Amino acid sequence: MIDNRGYALVVVLFVSAIIFALGAAVLNMSTNEYLMSCYARDYTMAYYLAEGGVQEALSILKDNPAYTPGTNWNTMGEGQYKVKISSKQGGDSILITSTGKVRKAEVVLNVNAKLYIEIDEEVYPDPPHRNVEIQILSWHCEGPI
C-alpha cells in the first residue's frame, strides 16, 4: 500500500502560491493605476494653471499693453504658475509663455499674439482713450497633455 500522507500539503502549498501570485499581481496593477491617475490629475491641474496664467496676462495686456509680469512663481490652489511676456521682433507681436506646475507635473503654454492698439484722442483727449485688441496667432502646449 502506498502512503499518500503529505500529498495534500503539496497541493495546498501549490494553490496558496498561485493565489498569492495573483493577489500580488492585482495589487501591483491597482497601485500602478492609482499612480497614473494621480499623474494625470496633476498634469491636468498644471495645464489649467498655465492657461489661467495666459488668460490673466491677456486680461492685463488689454488694459496695459506695456505690462511685464514678475519672474516669481504665483501660488494658486495646490500648484504654481509663472508667466513671461516677450516681444517678438517686428513690433506688435508678443510671445506669452506660461508655466503651470503641480508637484512633479509641469506644463508650458506658448501663446503667440498680436496687439492692435488704437488711440482715440477725440473721444477722451486727456488722457487719450486707448483701445487694445488682441489676436491670438498660435497656442502651443509643451507637456504630456
# chains A, B, ... in the order shown; residues from 1 in each chain; ligands from 1

call {"tool": "residues_around", "arguments": {"residues": "segment 115-118 of chain A", "least_positions_apart": "3", "cutoff": "7 Å", "atoms": "only C-alpha atoms", "output": "mmCIF file with N, CA and C atoms, in the first residue's frame"}}
result
data_model
loop_
_atom_site.group_PDB
_atom_site.id
_atom_site.type_symbol
_atom_site.label_atom_id
_atom_site.label_comp_id
_atom_site.auth_asym_id
_atom_site.auth_seq_id
_atom_site.Cartn_x
_atom_site.Cartn_y
_atom_site.Cartn_z
ATOM 1 N N ASP A 92 4.567 94.643 -32.852
ATOM 2 C CA ASP A 92 3.363 94.431 -32.062
ATOM 3 C C ASP A 92 3.038 92.963 -31.807
ATOM 4 N N SER A 93 3.920 92.061 -32.123
ATOM 5 C CA SER A 93 3.706 90.637 -31.862
ATOM 6 C C SER A 93 4.414 90.258 -30.564
ATOM 7 N N ARG A 130 -7.441 104.538 -25.138
ATOM 8 C CA ARG A 130 -6.665 103.514 -25.827
ATOM 9 C C ARG A 130 -7.533 102.278 -25.977
ATOM 10 N N ASN A 131 -7.739 101.853 -27.200
ATOM 11 C CA ASN A 131 -8.489 100.634 -27.480
ATOM 12 C C ASN A 131 -7.486 99.560 -27.898
ATOM 13 N N VAL A 132 -7.415 98.481 -27.131
ATOM 14 C CA VAL A 132 -6.445 97.416 -27.399
ATOM 15 C C VAL A 132 -7.195 96.159 -27.806
ATOM 16 N N GLU A 133 -6.867 95.653 -28.966
ATOM 17 C CA GLU A 133 -7.405 94.380 -29.454
ATOM 18 C C GLU A 133 -6.261 93.380 -29.488
ATOM 19 N N ILE A 134 -6.536 92.163 -29.054
ATOM 20 C CA ILE A 134 -5.521 91.107 -29.038
ATOM 21 C C ILE A 134 -5.994 89.973 -29.930
ATOM 22 N N GLN A 135 -5.138 89.592 -30.866
ATOM 23 C CA GLN A 135 -5.439 88.467 -31.755
ATOM 24 C C GLN A 135 -4.467 87.336 -31.435
#

call {"tool": "select_by_dssp", "arguments": {"residues": "segment 17-139 of chain A", "states": "strand (DSSP E)", "output": "NGL selection string"}}
result
:A and (74-76 or 79-87 or 93-102 or 105-125 or 128-139)

call {"tool": "closest_residue", "arguments": {"among": "A:Asp63, A:Glu33, A:Asp3, A:Glu51", "to": "Cys141 of chain A", "atoms": "only C-alpha atoms"}}
result
A:Glu51

call {"tool": "closest_residue", "arguments": {"among": "A:Ser37, A:Ser98, A:Ser138, A:Thr44", "to": "Ser86 of chain A", "atoms": "only C-alpha atoms"}}
result
A:Ser98

call {"tool": "atom_distance", "arguments": {"atom1": "atom CA of Glu56 of chain A", "atom2": "atom CA of Arg103 of chain A"}}
result
22.0 Å

call {"tool": "decode", "arguments": {"residues": "segment 71-135 of chain A", "atoms": "C-alpha atoms", "output": "mmCIF file, in the first residue's frame"}}
result
data_model
loop_
_atom_site.group_PDB
_atom_site.id
_atom_site.type_symbol
_atom_site.label_atom_id
_atom_site.label_comp_id
_atom_site.auth_asym_id
_atom_site.auth_seq_id
_atom_site.Cartn_x
_atom_site.Cartn_y
_atom_site.Cartn_z
ATOM 1 C CA THR A 71 9.570 86.398 -12.564
ATOM 2 C CA ASN A 72 8.249 84.844 -9.357
ATOM 3 C CA TRP A 73 6.006 81.801 -9.125
ATOM 4 C CA ASN A 74 2.399 82.606 -8.193
ATOM 5 C CA THR A 75 0.657 80.093 -5.945
ATOM 6 C CA MET A 76 -2.894 79.016 -6.664
ATOM 7 C CA GLY A 77 -4.553 76.014 -5.069
ATOM 8 C CA GLU A 78 -2.187 73.049 -4.992
ATOM 9 C CA GLY A 79 0.141 74.394 -7.676
ATOM 10 C CA GLN A 80 2.073 77.331 -9.004
ATOM 11 C CA TYR A 81 2.271 79.244 -12.259
ATOM 12 C CA LYS A 82 4.668 81.717 -13.815
ATOM 13 C CA VAL A 83 4.115 83.996 -16.818
ATOM 14 C CA LYS A 84 6.717 85.546 -19.104
ATOM 15 C CA ILE A 85 5.909 88.034 -21.871
ATOM 16 C CA SER A 86 8.471 88.790 -24.539
ATOM 17 C CA SER A 87 8.192 90.990 -27.598
ATOM 18 C CA LYS A 88 8.894 89.383 -30.917
ATOM 19 C CA GLN A 89 10.923 91.203 -33.489
ATOM 20 C CA GLY A 90 8.679 93.244 -35.697
ATOM 21 C CA GLY A 91 6.877 95.316 -33.118
ATOM 22 C CA ASP A 92 3.363 94.431 -32.062
ATOM 23 C CA SER A 93 3.706 90.637 -31.862
ATOM 24 C CA ILE A 94 4.307 89.108 -28.429
ATOM 25 C CA LEU A 95 5.038 85.669 -27.025
ATOM 26 C CA ILE A 96 3.366 84.727 -23.748
ATOM 27 C CA THR A 97 4.988 81.767 -22.013
ATOM 28 C CA SER A 98 3.054 80.431 -19.045
ATOM 29 C CA THR A 99 4.255 77.520 -16.934
ATOM 30 C CA GLY A 100 1.966 75.603 -14.598
ATOM 31 C CA LYS A 101 3.420 73.265 -12.007
ATOM 32 C CA VAL A 102 1.716 70.831 -9.625
ATOM 33 C CA ARG A 103 4.015 68.512 -7.680
ATOM 34 C CA LYS A 104 6.183 66.817 -10.364
ATOM 35 C CA ALA A 105 3.892 67.724 -13.271
ATOM 36 C CA GLU A 106 4.847 70.742 -15.364
ATOM 37 C CA VAL A 107 3.114 72.128 -18.459
ATOM 38 C CA VAL A 108 4.307 75.056 -20.590
ATOM 39 C CA LEU A 109 1.947 77.031 -22.832
ATOM 40 C CA ASN A 110 3.405 79.241 -25.556
ATOM 41 C CA VAL A 111 0.940 81.739 -26.976
ATOM 42 C CA ASN A 112 1.846 83.956 -29.897
ATOM 43 C CA ALA A 113 -0.391 87.029 -30.051
ATOM 44 C CA LYS A 114 -0.598 90.290 -31.918
ATOM 45 C CA LEU A 115 -1.602 93.557 -30.250
ATOM 46 C CA TYR A 116 -3.597 96.171 -32.125
ATOM 47 C CA ILE A 117 -3.512 99.470 -30.251
ATOM 48 C CA GLU A 118 -5.766 102.300 -31.378
ATOM 49 C CA ILE A 119 -5.509 105.647 -29.634
ATOM 50 C CA ASP A 120 -8.607 107.821 -29.855
ATOM 51 C CA GLU A 121 -7.750 111.356 -28.756
ATOM 52 C CA GLU A 122 -11.014 112.845 -29.988
ATOM 53 C CA VAL A 123 -13.278 110.987 -27.571
ATOM 54 C CA TYR A 124 -11.050 111.292 -24.497
ATOM 55 C CA PRO A 125 -8.315 113.888 -25.092
ATOM 56 C CA ASP A 126 -6.779 113.824 -21.615
ATOM 57 C CA PRO A 127 -5.625 111.090 -21.159
ATOM 58 C CA PRO A 128 -6.260 109.698 -24.645
ATOM 59 C CA HIS A 129 -8.525 106.667 -24.881
ATOM 60 C CA ARG A 130 -6.665 103.514 -25.827
ATOM 61 C CA ASN A 131 -8.489 100.634 -27.480
ATOM 62 C CA VAL A 132 -6.445 97.416 -27.399
ATOM 63 C CA GLU A 133 -7.405 94.380 -29.454
ATOM 64 C CA ILE A 134 -5.521 91.107 -29.038
ATOM 65 C CA GLN A 135 -5.439 88.467 -31.755
#
